[in-house]
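Participant: Provided herewith: coords.cif, mmCIF, C-alpha atoms.
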data_work
loop_
_atom_site.label_atom_id
_atom_site.label_comp_id
_atom_site.auth_asym_id
_atom_site.auth_seq_id
_atom_site.Cartn_x
_atom_site.Cartn_y
_atom_site.Cartn_z
CA MET G 258 140.60 89.55 89.08
CA LYS G 259 140.37 88.18 85.60
CA ILE G 260 141.74 91.41 84.11
CA GLN G 261 144.69 91.39 86.54
CA LYS G 262 145.51 87.82 85.58
CA GLN G 263 145.43 88.70 81.88
CA ARG G 264 147.75 91.67 82.45
CA LYS G 265 150.16 89.52 84.42
CA THR G 266 150.14 86.84 81.74
CA ALA G 267 150.73 89.43 79.00
CA SER G 268 153.65 90.88 80.98
CA VAL G 269 155.24 87.46 81.49
CA LEU G 270 154.81 86.62 77.80
CA LYS G 271 156.39 89.93 76.79
CA SER G 272 159.41 89.27 79.01
CA THR G 273 159.74 85.71 77.70
CA ASN G 274 159.64 86.95 74.10
CA SER G 275 162.22 89.64 74.86
CA PHE G 276 164.61 87.18 76.46
CA GLU G 277 164.27 84.60 73.69
CA ILE G 278 164.81 87.19 70.96
CA LEU G 279 167.89 88.66 72.68
CA ARG G 280 169.22 85.17 73.39
CA SER G 281 168.74 84.06 69.78
CA LEU G 282 170.45 87.18 68.44
CA TYR G 283 173.24 86.85 70.98
CA ILE G 284 174.02 83.28 69.92
CA ALA G 285 173.69 83.87 66.16
CA GLY G 286 175.10 87.41 66.01
CA SER G 287 172.73 88.51 63.28
CA LYS G 288 169.26 87.57 61.99
CA THR G 289 166.35 89.10 60.12
CA ARG G 290 163.03 89.84 61.78
CA THR G 291 161.43 87.13 59.66
CA GLU G 292 164.01 84.55 60.75
CA LEU G 293 163.34 85.37 64.40
CA SER G 294 159.59 85.16 63.84
CA LYS G 295 159.82 81.69 62.28
CA GLU G 296 162.39 80.34 64.73
CA LEU G 297 160.62 81.48 67.90
CA HIS G 298 157.04 81.14 66.59
CA ILE G 299 156.36 84.79 67.34
CA SER G 300 154.37 86.99 65.00
CA LEU G 301 156.32 89.55 62.99
CA PRO G 302 154.49 92.54 64.60
CA THR G 303 155.38 91.10 68.05
CA VAL G 304 159.04 90.84 67.01
CA LEU G 305 158.99 94.47 65.87
CA ARG G 306 157.42 95.69 69.12
CA THR G 307 159.74 93.56 71.28
CA ILE G 308 163.04 94.72 69.79
CA GLU G 309 162.15 98.42 69.80
CA PRO G 310 163.43 99.16 73.36
CA TYR G 311 166.82 97.63 72.50
CA LEU G 312 167.47 99.35 69.16
CA ASN G 313 170.65 101.44 68.92
CA ASP G 314 171.90 99.87 72.17
CA LEU G 315 171.91 96.06 72.23
CA ILE G 316 170.54 95.72 68.69
CA PHE G 317 171.62 97.52 65.54
CA ILE G 318 170.21 97.31 62.04
CA TYR G 319 172.97 96.71 59.50
CA GLY G 320 172.65 96.13 55.76
CA LYS G 321 170.07 94.08 53.96
CA ASN G 322 169.83 90.50 52.73
CA ARG G 323 169.53 89.67 49.09
CA SER G 324 165.98 88.72 48.17
CA LYS G 325 164.63 87.10 45.01
CA ALA G 326 161.69 89.43 44.95
CA GLY G 327 160.63 92.62 46.72
CA ARG G 328 162.70 94.78 49.02
CA ARG G 329 165.66 93.32 50.87
CA PRO G 330 165.01 92.48 54.53
CA GLU G 331 167.10 94.29 57.12
CA ARG G 332 169.37 92.30 59.40
CA LEU G 333 169.34 92.76 63.16
CA THR G 334 172.82 92.57 64.71
CA PHE G 335 173.61 92.05 68.37
CA ASN G 336 175.92 94.66 69.88
CA TYR G 337 178.44 92.65 71.92
CA PHE G 338 180.40 95.75 72.91
CA SER G 339 177.71 97.69 74.77
CA LYS G 340 178.73 96.34 78.19
CA LYS G 341 181.48 94.40 79.99
CA ILE G 342 181.31 91.19 81.98
CA ALA G 343 183.81 89.39 84.20
CA GLY G 344 184.61 85.86 85.29
CA ILE G 345 186.77 84.66 88.17
CA GLN G 346 187.88 81.19 89.19
CA VAL G 347 188.71 80.72 92.87
CA ASP G 348 190.73 77.73 94.08
CA LYS G 349 192.59 77.22 97.35
CA SER G 350 195.93 78.68 96.22
CA PHE G 351 195.07 80.94 93.27
CA PHE G 352 192.41 82.94 91.50
CA THR G 353 192.07 83.51 87.78
CA LEU G 354 190.42 86.67 86.49
CA SER G 355 189.10 87.71 83.10
CA VAL G 356 187.11 90.67 81.78
CA SER G 357 185.50 90.76 78.35
CA ALA G 358 182.84 92.35 76.25
CA LEU G 359 179.63 90.33 75.86
CA ASP G 360 181.35 88.22 73.18
CA ARG G 361 183.37 86.46 75.95
CA LYS G 362 186.67 87.27 74.23
CA PRO G 363 188.96 88.36 77.08
CA ILE G 364 190.49 91.82 77.12
CA ILE G 365 192.12 90.87 80.44
CA LYS G 366 193.37 87.45 81.55
CA GLU G 367 195.34 86.96 84.75
CA LYS G 368 196.18 84.01 87.02
CA LYS G 369 197.35 85.13 90.46
CA VAL G 370 198.84 82.97 93.23
CA PHE G 371 196.84 83.76 96.34
CA ASN G 372 195.62 82.08 99.54
CA CYS G 373 191.87 82.09 98.91
CA THR G 374 190.78 80.48 102.17
CA ASN G 375 190.03 83.89 103.72
CA PRO G 376 187.03 85.30 101.79
CA LYS G 377 187.46 88.86 103.10
CA LYS G 378 191.08 89.12 101.92
CA LEU G 379 190.16 87.48 98.63
CA SER G 380 187.31 89.89 97.95
CA GLU G 381 189.65 92.81 98.66
CA ALA G 382 192.26 91.40 96.24
CA ILE G 383 189.67 90.92 93.47
CA HIS G 384 188.31 94.41 94.08
CA ASP G 385 191.82 95.83 93.86
CA ARG G 386 192.64 94.04 90.58
CA LEU G 387 189.40 95.12 88.90
CA LEU G 388 189.84 98.69 90.10
CA THR G 389 193.42 98.75 88.81
CA TYR G 390 192.35 97.56 85.34
CA SER G 391 189.51 100.08 85.20
CA LYS G 392 191.92 102.90 86.11
CA GLU G 393 194.21 101.71 83.32
CA ASN G 394 191.25 102.23 80.95
CA PHE G 395 190.66 98.60 80.05
CA PHE G 396 187.00 99.21 80.88
CA SER G 397 184.82 101.77 82.58
CA PRO G 398 183.57 100.93 86.11
CA THR G 399 179.98 101.67 85.07
CA GLU G 400 180.27 99.25 82.13
CA LEU G 401 180.79 96.18 84.32
CA GLU G 402 177.40 94.46 84.59
CA ILE G 403 177.93 90.88 85.78
CA LEU G 404 180.74 89.18 87.71
CA THR G 405 180.54 85.38 88.03
CA ILE G 406 182.81 83.74 90.59
CA ALA G 407 183.39 80.02 90.03
CA VAL G 408 184.52 78.39 93.27
CA ALA G 409 186.02 75.05 94.23
CA GLY G 410 183.23 73.78 96.44
CA THR G 411 179.48 73.44 96.79
CA VAL G 412 177.26 76.37 95.90
CA ASN G 413 173.94 76.37 97.73
CA GLU G 414 171.59 79.33 97.45
CA LYS G 415 170.19 78.94 100.97
CA MET G 416 173.34 77.98 102.88
CA GLY G 417 176.00 80.01 101.08
CA VAL G 418 178.92 78.97 98.91
CA ALA G 419 181.96 76.71 99.14
CA LEU G 420 180.87 75.01 102.33
CA ASP G 421 183.41 72.22 102.08
CA PHE G 422 186.96 71.36 100.93
CA PRO G 423 189.14 73.12 99.92
CA LEU G 424 187.91 76.64 100.77
CA LYS G 425 185.81 75.89 103.87
CA TRP G 426 183.94 79.19 103.69
CA LYS G 427 180.80 79.63 105.77
CA GLY G 428 177.93 82.05 105.38
CA ILE G 429 179.31 83.64 102.20
CA PHE G 430 176.67 84.86 99.75
CA GLU G 431 176.64 87.04 96.65
CA LYS G 432 175.40 89.96 98.74
CA ASN G 433 178.05 89.87 101.48
CA PHE G 434 181.18 88.70 99.67
CA PHE G 435 182.22 92.23 98.70
CA GLU G 436 182.25 95.28 100.95
CA GLU G 437 180.01 98.24 100.13
CA LYS G 438 182.99 100.06 98.56
CA PHE G 439 183.05 97.51 95.73
CA HIS G 440 179.44 98.27 94.83
CA GLN G 441 180.20 101.99 94.97
CA ASP G 442 183.14 101.56 92.59
CA PHE G 443 181.19 99.22 90.27
CA PRO G 444 177.60 100.43 90.76
CA ASN G 445 175.99 98.29 88.05
CA CYS G 446 177.75 95.02 88.81
CA THR G 447 175.74 91.98 89.91
CA VAL G 448 177.73 89.15 91.56
CA ILE G 449 176.98 85.44 90.97
CA PHE G 450 178.56 82.32 92.45
CA GLU G 451 178.83 78.93 90.75
CA ASN G 452 180.75 75.69 91.23
CA ASP G 453 183.92 75.48 89.08
CA ALA G 454 183.07 72.16 87.38
CA ASN G 455 179.58 73.47 86.59
CA ALA G 456 181.09 76.62 85.10
CA LEU G 457 183.43 74.49 82.98
CA ALA G 458 180.45 72.57 81.59
CA ILE G 459 178.55 75.77 80.80
CA GLY G 460 181.55 77.30 79.04
CA GLU G 461 181.95 74.24 76.83
CA LEU G 462 178.22 74.31 76.08
CA ALA G 463 178.49 77.99 75.14
CA ASP G 464 181.36 77.17 72.78
CA ARG G 465 178.98 74.75 71.05
CA GLY G 466 176.36 77.47 70.58
CA TYR G 467 174.24 76.69 73.65
CA ASN G 468 172.75 73.66 71.91
CA LYS G 469 170.33 71.50 73.87
CA GLU G 470 172.86 68.74 74.27
CA ASN G 471 174.04 66.38 76.99
CA LEU G 472 177.52 67.22 78.20
CA VAL G 473 179.68 66.18 81.16
CA SER G 474 182.78 68.05 82.34
CA VAL G 475 185.50 66.86 84.71
CA TYR G 476 187.73 69.37 86.50
CA LEU G 477 190.84 68.37 88.47
CA SER G 478 192.60 70.59 90.98
CA ASN G 479 192.86 69.97 94.70
CA GLY G 480 189.68 67.97 94.25
CA VAL G 481 187.69 66.23 91.51
CA GLY G 482 184.50 67.88 90.29
CA VAL G 483 181.96 66.95 87.63
CA GLY G 484 179.59 69.32 85.82
CA ILE G 485 176.45 67.88 84.24
CA VAL G 486 174.39 69.42 81.44
CA ILE G 487 171.22 67.57 80.43
CA ASN G 488 169.33 68.72 77.32
CA GLY G 489 171.12 72.06 77.42
CA ARG G 490 170.33 72.74 81.08
CA LEU G 491 172.77 72.62 83.98
CA TYR G 492 171.85 69.98 86.55
CA SER G 493 173.16 70.89 90.01
CA GLY G 494 170.85 68.76 92.16
CA THR G 495 168.58 69.62 95.08
CA HIS G 496 171.38 70.92 97.31
CA GLY G 497 173.92 72.00 94.68
CA LYS G 498 176.02 68.84 95.15
CA ALA G 499 175.39 67.01 91.88
CA GLY G 500 178.73 65.94 90.41
CA GLU G 501 180.73 66.08 93.66
CA MET G 502 182.72 63.07 92.51
CA GLY G 503 185.39 63.57 95.16
CA ASP G 504 183.00 62.49 97.93
CA PHE G 505 182.23 59.14 96.30
CA LEU G 506 182.98 56.05 98.39
CA SER G 507 184.15 52.78 96.91
CA ILE G 508 181.28 50.44 96.04
CA PHE G 509 183.57 47.46 95.51
CA ASP G 510 185.62 47.61 98.73
CA GLU G 511 183.38 47.83 101.79
CA LYS G 512 186.35 47.92 104.16
CA ASN G 513 187.79 51.07 102.56
CA ASP G 514 185.99 54.26 103.69
CA MET G 515 188.40 56.63 101.92
CA ASP G 516 186.57 58.92 99.52
CA PHE G 517 187.55 59.10 95.87
CA GLU G 518 189.29 62.47 96.18
CA ASN G 519 191.73 61.40 98.88
CA PHE G 520 192.32 58.06 97.19
CA PHE G 521 193.00 59.71 93.83
CA ASN G 522 195.38 62.34 95.24
CA LYS G 523 197.49 59.69 97.00
CA CYS G 524 198.01 57.59 93.85
CA GLU G 525 201.21 57.76 91.83
CA ARG G 526 201.15 59.17 88.28
CA GLN G 527 200.53 56.08 86.18
CA ARG G 528 197.82 54.81 88.46
CA LYS G 529 196.13 58.23 88.44
CA ILE G 530 195.99 58.11 84.66
CA ARG G 531 194.44 54.63 84.66
CA ILE G 532 191.87 55.70 87.26
CA LEU G 533 191.04 58.84 85.31
CA GLN G 534 190.53 56.72 82.20
CA ARG G 535 188.05 54.58 84.08
CA LEU G 536 186.29 57.63 85.51
CA LEU G 537 185.75 59.17 82.06
CA ASN G 538 184.64 55.83 80.68
CA ASN G 539 182.15 55.31 83.53
CA LEU G 540 180.75 58.83 83.18
CA SER G 541 180.20 58.13 79.48
CA LEU G 542 178.29 54.97 80.36
CA LEU G 543 176.33 56.62 83.18
CA PHE G 544 175.14 59.73 81.31
CA ASP G 545 175.64 58.75 77.64
CA PRO G 546 176.51 62.39 76.81
CA ASP G 547 177.36 63.90 73.45
CA GLU G 548 180.77 64.65 74.92
CA VAL G 549 182.90 64.46 78.07
CA VAL G 550 185.27 67.41 78.52
CA LEU G 551 188.33 67.29 80.77
CA ALA G 552 190.28 70.22 82.24
CA TRP G 553 192.69 70.69 85.12
CA ASN G 554 194.78 73.17 87.07
CA SER G 555 198.17 72.86 85.37
CA ASP G 556 200.08 73.82 88.54
CA LYS G 557 198.52 70.97 90.50
CA ASN G 558 198.22 68.26 87.84
CA LYS G 559 201.22 68.42 85.53
CA ASP G 560 201.08 64.62 85.32
CA PHE G 561 198.23 64.82 82.80
CA GLU G 562 199.98 66.89 80.13
CA LYS G 563 200.23 63.86 77.82
CA PHE G 564 196.93 62.29 78.85
CA GLN G 565 195.38 62.91 75.43
CA GLU G 566 197.87 60.49 73.87
CA ILE G 567 196.44 57.55 75.82
CA PRO G 568 193.45 55.61 74.38
CA LEU G 569 190.29 55.62 76.49
CA TYR G 570 188.82 52.13 76.33
CA GLU G 571 185.92 51.93 73.87
CA GLN G 572 184.43 55.29 74.76
CA GLN G 573 186.01 57.97 72.57
CA ASN G 574 183.51 60.86 72.94
CA TRP G 575 185.81 62.91 75.16
CA ARG G 576 188.33 65.70 74.75
CA ILE G 577 190.49 68.12 76.69
CA SER G 578 189.23 71.70 76.89
CA GLU G 579 191.08 74.00 74.51
CA HIS G 580 191.01 76.85 77.06
CA GLY G 581 193.66 75.35 79.35
CA ASP G 582 194.03 77.17 82.67
CA PHE G 583 191.19 79.51 81.65
CA SER G 584 188.64 76.74 81.02
CA VAL G 585 186.69 77.51 84.18
CA VAL G 586 186.91 81.27 83.62
CA ASN G 587 185.55 80.75 80.10
CA GLY G 588 182.54 79.17 81.78
CA ALA G 589 182.23 82.00 84.29
CA LEU G 590 182.16 84.50 81.41
CA SER G 591 179.50 82.39 79.69
CA ILE G 592 177.33 82.52 82.80
CA SER G 593 177.87 86.28 83.03
CA ALA G 594 176.85 86.81 79.41
CA MET G 595 173.59 84.88 79.66
CA SER G 596 172.83 86.39 83.07
CA PHE G 597 173.28 89.86 81.59
CA LEU G 598 170.46 89.15 79.13
CA ARG G 599 168.23 88.13 82.03
CA LYS G 600 169.17 91.26 83.91
CA VAL G 601 168.26 93.43 80.92
CA VAL G 602 164.87 91.79 80.50
CA TYR G 603 163.82 91.01 84.07
CA GLY G 604 165.80 93.59 86.02
CA HIS G 605 167.53 90.91 88.09
CA VAL G 606 169.37 87.62 87.69
CA ARG G 607 167.51 84.39 88.34
CA GLU G 608 168.43 80.71 88.40
CA ASN G 609 168.51 78.58 85.23
CA TYR G 610 170.52 81.06 83.21
CA ILE G 611 171.04 78.69 80.25
CA VAL G 612 167.49 77.93 79.12
CA GLU G 613 164.41 80.04 79.78
CA LEU G 614 161.68 78.27 81.72
CA VAL G 615 158.31 78.59 79.95
#
Would you mind writing the file's structure down as structure tokens?

Facilitator:
Amino acid sequence: MKIQKQRKTASVLKSTNSFEILRSLYIAGSKTRTELSKELHISLPTVLRTIEPYLNDLIFIYGKNRSKAGRRPERLTFNYFSKKIAGIQVDKSFFTLSVSALDRKPIIKEKKVFNCTNPKKLSEAIHDRLLTYSKENFFSPTELEILTIAVAGTVNEKMGVALDFPLKWKGIFEKNFFEEKFHQDFPNCTVIFENDANALAIGELADRGYNKENLVSVYLSNGVGVGIVINGRLYSGTHGKAGEMGDFLSIFDEKNDMDFENFFNKCERQRKIRILQRLLNNLSLLFDPDEVVLAWNSDKNKDFEKFQEIPLYEQQNWRISEHGDFSVVNGALSISAMSFLRKVVYGHVRENYIVELV
């Protein structure tokens, strides 16, 4: 029994080292073996053994650093172009699709008006678009490894996805969203679901180099969603409902049972802006994050185009996402990229795709 436990522990440690090395190289782009050893507190021989299975595929050795004495150390470079990943945002009246290499720089970006309330028709439309692009040689079907779908609604691993407004899906999971034909056409593709505001937060964190920071994102479309990152880790709550700001009830008016989402959507433009100011300010006070990031569906919320010109009380640690209508898709691609590393190391995709649990 003791020997089995030691073998299991050694196997887990090897996988952890592999993931952390790939993750560090992915974020930095290039490092020496010595730099990885010091950063991750892994012995140099362990680094050498760990990277061996990935050489000439995910890792290449390019050039040498200048050294004051002795031979120049070789640099390990991550190969971002070995595989393809995809990200999709699904809202009530549209979906946005993007495909990229592992560097998250889109080779395809498309926003398509579509009634997404019927999951079967939506899955067929997504399948068709991806198949069309692959036939046009944008990517090979076997290259596509991870597809992350960011939805407007709650994502719960046990109960399915998007259980509430605006999609009102029921019993939809990663395994049954697409028909078998999709998996035949894209045999290596793993499908992941995530909430759109959570994806937005992860994409902004990825843009900052996956630092262990506190970050809050606010996404406006048919509803109002908040994504929360604490110490570099996404916080989604026990049931996947953390940040569902739209369901908040007024705490100052006991006679008014209208939730925040309905109240906000019924307000006229100037009042919406004042309320949004207060929301961002209160989120800053509640979470004290490094930054609050705001994004919205431009078709639904054109009123906010000049929002950045308005001062935000005393709390100034906020900004508008630079990705515009593709802010959520940027996050979906970020999830796909980190999930790909997990898939390579562990053979499957697990929860907590931002930071490895030790």

Participant: Using atom CA of G:Ser339 and atom CA of G:Asp314 as the two end points, give the distance in Å to one decimal.

Facilitator: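 Those two atoms sit 6.7 Å apart.
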
Participant: Pull out every residue that the PyMOL selection byres ((chain G and resi 274-290) around 10) matches in the shown coordinates and put them as a VMD selection string.

Facilitator: chain G and resid 268 to 273 291 to 308 310 to 311 315 to 319 321 to 322 330 to 337 359 to 360 463 to 468 594 to 595 598 to 603 611 to 613

Participant: Apply the PyMOL selection byres ((chain G and resi 385) around 12) to the displayed file and report the matching residues as a VMD selection string.

Facilitator: chain G and resid 354 378 to 384 386 to 392 435 to 436 438 to 439 442 to 443

Participant: To one decimal in Å, tell me the separation between atom CA of G:Val347 and atom CA of G:Asp545.

Facilitator: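 Computing it gives 29.8 Å between the two atoms.
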
Participant: Residues of stretch 351-401 of chain G that have any atom at most 12 Å from an atom of stretch 453-461 of chain G: could you tabulate them with the shortest-distance atom pair and the distance in Å to one decimal, using all atoms listed in the file, ordered by chain and increasing number, as a Markdown table?

Facilitator:
| residue | atom | partner | partner_atom | distance |
| --- | --- | --- | --- | --- |
| G:Phe352 | CA | G:Asp453 | CA | 11.6 |
| G:Thr353 | CA | G:Asp453 | CA | 11.5 |
| G:Arg361 | CA | G:Gly460 | CA | 9.8 |

Participant: Kindly export the residues of the current selection with C-alpha atoms, as a PDB file, in the coordinates of the input.

Facilitator:
ATOM      1  CA  PHE G 352     192.410  82.940  91.500  1.00  0.00           C
ATOM      2  CA  THR G 353     192.070  83.510  87.780  1.00  0.00           C
ATOM      3  CA  ARG G 361     183.370  86.460  75.950  1.00  0.00           C
TER       4      ARG G 361
END

Participant: Calculate how many Å separate atom CA of G:Val475 from atom CA of G:Asn513, rounding to one decimal.

Facilitator: 23.9 Å

Participant: Return as a PyMOL selection string the set of residues that the PyMOL selection byres ((chain G and resi 581) around 10) yields on the displayed structure.

Facilitator: chain G and resi 551-555+577-580+582-587

Participant: Around stretch 403-411 of chain G, fit a box with edges along x, y and z, padding it by 8 Å on each side, then list its centre and edge lengths in Å to one decimal as JSON.

Facilitator:
{"center_x": 182.0, "center_y": 82.2, "center_z": 91.3, "size_x": 24.1, "size_y": 33.4, "size_z": 27.0}

Participant: List every protein, DNA or RNA residue with an atom no more than 7 Å from (179.1, 85.5, 82.1) in the file's coordinates, counting only C-alpha atoms, and format the result as a list in words.

Facilitator: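 Selection result: Ile342, Ala343, Gly344, Ile403, Leu404, Thr405, Ala589, Leu590, Ser591, Ile592, Ser593, Ala594, Met595 and Ser596 of chain G.
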
Participant: Please determine, counting all atoms listed in the file, which residue among G:Glu309, G:Asp348, G:Glu548, G:Asp556 has the shortest atom-to-atom distance to G:Val473.

Facilitator: G:Glu548

Participant: Which is closer to G:Leu536 than all the others in G:Ala267, G:Ala499, G:Leu491, G:Val481, using all atoms listed in the file?

Facilitator: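 Between G:Ala267, G:Ala499, G:Leu491, G:Val481, the residue approaching G:Leu536 most closely is G:Val481.
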
Participant: Ranking G:Phe505, G:Phe517, G:Phe371, G:Phe338 by minimum distance to G:Ser357 and counting all atoms listed in the file, which one comes first?

Facilitator: G:Phe338

Participant: G:Val549, G:Ile429, G:Ala358, G:Met502: which is nearest G:Glu470, counting only C-alpha atoms?

Facilitator: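 Closest residue, counting only C-alpha atoms: G:Val549.
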
Participant: Neighbours of G:Leu424 within 9 Å (only C-alpha atoms; same-chain residues fewer than 5 positions away dropped), as a PyMOL selection string?

Facilitator: chain G and resi 347-349+373-376+408-410+419

Participant: Which residue, G:Asp547, G:Asp504, G:Glu400, G:Glu393, has the smallest gap to G:Asn519 when you use only C-alpha atoms?

Facilitator: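 Using only C-alpha atoms, the shortest distance to G:Asn519 belongs to G:Asp504.
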
Participant: Closest to G:Lys432 among G:Cys524, G:Val418, G:Val448, G:Ile406, using only C-alpha atoms?

Facilitator: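 Of the candidates, the smallest distance to G:Lys432 is held by G:Val448.
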